[in-house]
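Here the structure is laid out as structure tokens; the discussion comes afterwards.
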Amino acid sequence: MTTYGVTDIQNKPSLIKAMDIAEIIDKRKHTTLGYFISSKYEKQIRPLIEKIDREEKLLKLNKLKQHQDLEFTELGVDDGIK
């Protein structure tokens, strides 16, 4: 995989046309900003992205449910006996 800096792309936007798969980095901060994947690979990659997205959403929902269950147990259930 090729690595490109933000400044490189800003100075020469035609680089994007030549990219297939590339890592975009900010050389000043030494951080990865993301990855560029050409649209010609969309059919292969789209199902994977959707699968990952579904799994992340399910994980968040399960954590939320566990948290809500814990709140209800802390509150206790009123059985009506006084």
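Identifiers in this document derive from the order of the structure tokens: chains are assigned A, B, ..., residues are numbered from 1 separately in each chain, and ligands are numbered from 1 in order of occurrence.
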
Please return, as a short mmCIF file (atom, residue, chain, number, x, y, z; two decimals) with N, CA and C atoms, in the first residue's frame, all residues of chain A that DSSP assigns to strand (DSSP E) on the basis of the backbone.
data_model
loop_
_atom_site.label_atom_id
_atom_site.label_comp_id
_atom_site.auth_asym_id
_atom_site.auth_seq_id
_atom_site.Cartn_x
_atom_site.Cartn_y
_atom_site.Cartn_z
N THR A 2 0.51 2.18 -0.80
CA THR A 2 1.26 3.42 -0.91
C THR A 2 0.77 4.41 0.15
N THR A 3 1.67 5.24 0.62
CA THR A 3 1.34 6.25 1.62
C THR A 3 1.50 7.63 0.99
N TYR A 4 0.49 8.48 1.19
CA TYR A 4 0.52 9.85 0.68
C TYR A 4 0.25 10.82 1.82
N GLY A 5 0.95 11.94 1.78
CA GLY A 5 0.69 13.00 2.75
C GLY A 5 -0.38 13.95 2.23
N ILE A 21 -5.23 1.88 -3.86
CA ILE A 21 -5.43 1.81 -2.41
C ILE A 21 -4.25 2.55 -1.79
N ALA A 22 -4.57 3.49 -0.90
CA ALA A 22 -3.50 4.30 -0.31
C ALA A 22 -3.85 4.71 1.11
N GLU A 23 -2.83 4.93 1.89
CA GLU A 23 -2.99 5.44 3.24
C GLU A 23 -2.72 6.95 3.19
N ILE A 24 -3.63 7.72 3.77
CA ILE A 24 -3.47 9.19 3.80
C ILE A 24 -2.99 9.56 5.20
N ILE A 25 -1.86 10.24 5.27
CA ILE A 25 -1.30 10.60 6.56
C ILE A 25 -1.07 12.10 6.66
N ASP A 26 -1.02 12.58 7.88
CA ASP A 26 -0.64 13.96 8.15
C ASP A 26 0.78 13.90 8.68
N THR A 31 0.13 11.21 12.08
CA THR A 31 -1.08 10.41 12.30
C THR A 31 -1.67 9.97 10.97
N THR A 32 -2.34 8.84 11.00
CA THR A 32 -3.05 8.36 9.83
C THR A 32 -4.44 8.97 9.83
N LEU A 33 -4.81 9.60 8.73
CA LEU A 33 -6.12 10.22 8.63
C LEU A 33 -7.16 9.25 8.08
N GLY A 34 -6.72 8.31 7.30
CA GLY A 34 -7.64 7.34 6.73
C GLY A 34 -7.04 6.65 5.53
N TYR A 35 -7.89 5.94 4.83
CA TYR A 35 -7.44 5.18 3.67
C TYR A 35 -8.28 5.55 2.46
N PHE A 36 -7.66 5.58 1.31
CA PHE A 36 -8.35 5.85 0.05
C PHE A 36 -8.43 4.54 -0.71
N ILE A 37 -9.64 4.20 -1.15
CA ILE A 37 -9.84 3.00 -1.95
C ILE A 37 -10.58 3.42 -3.21
#
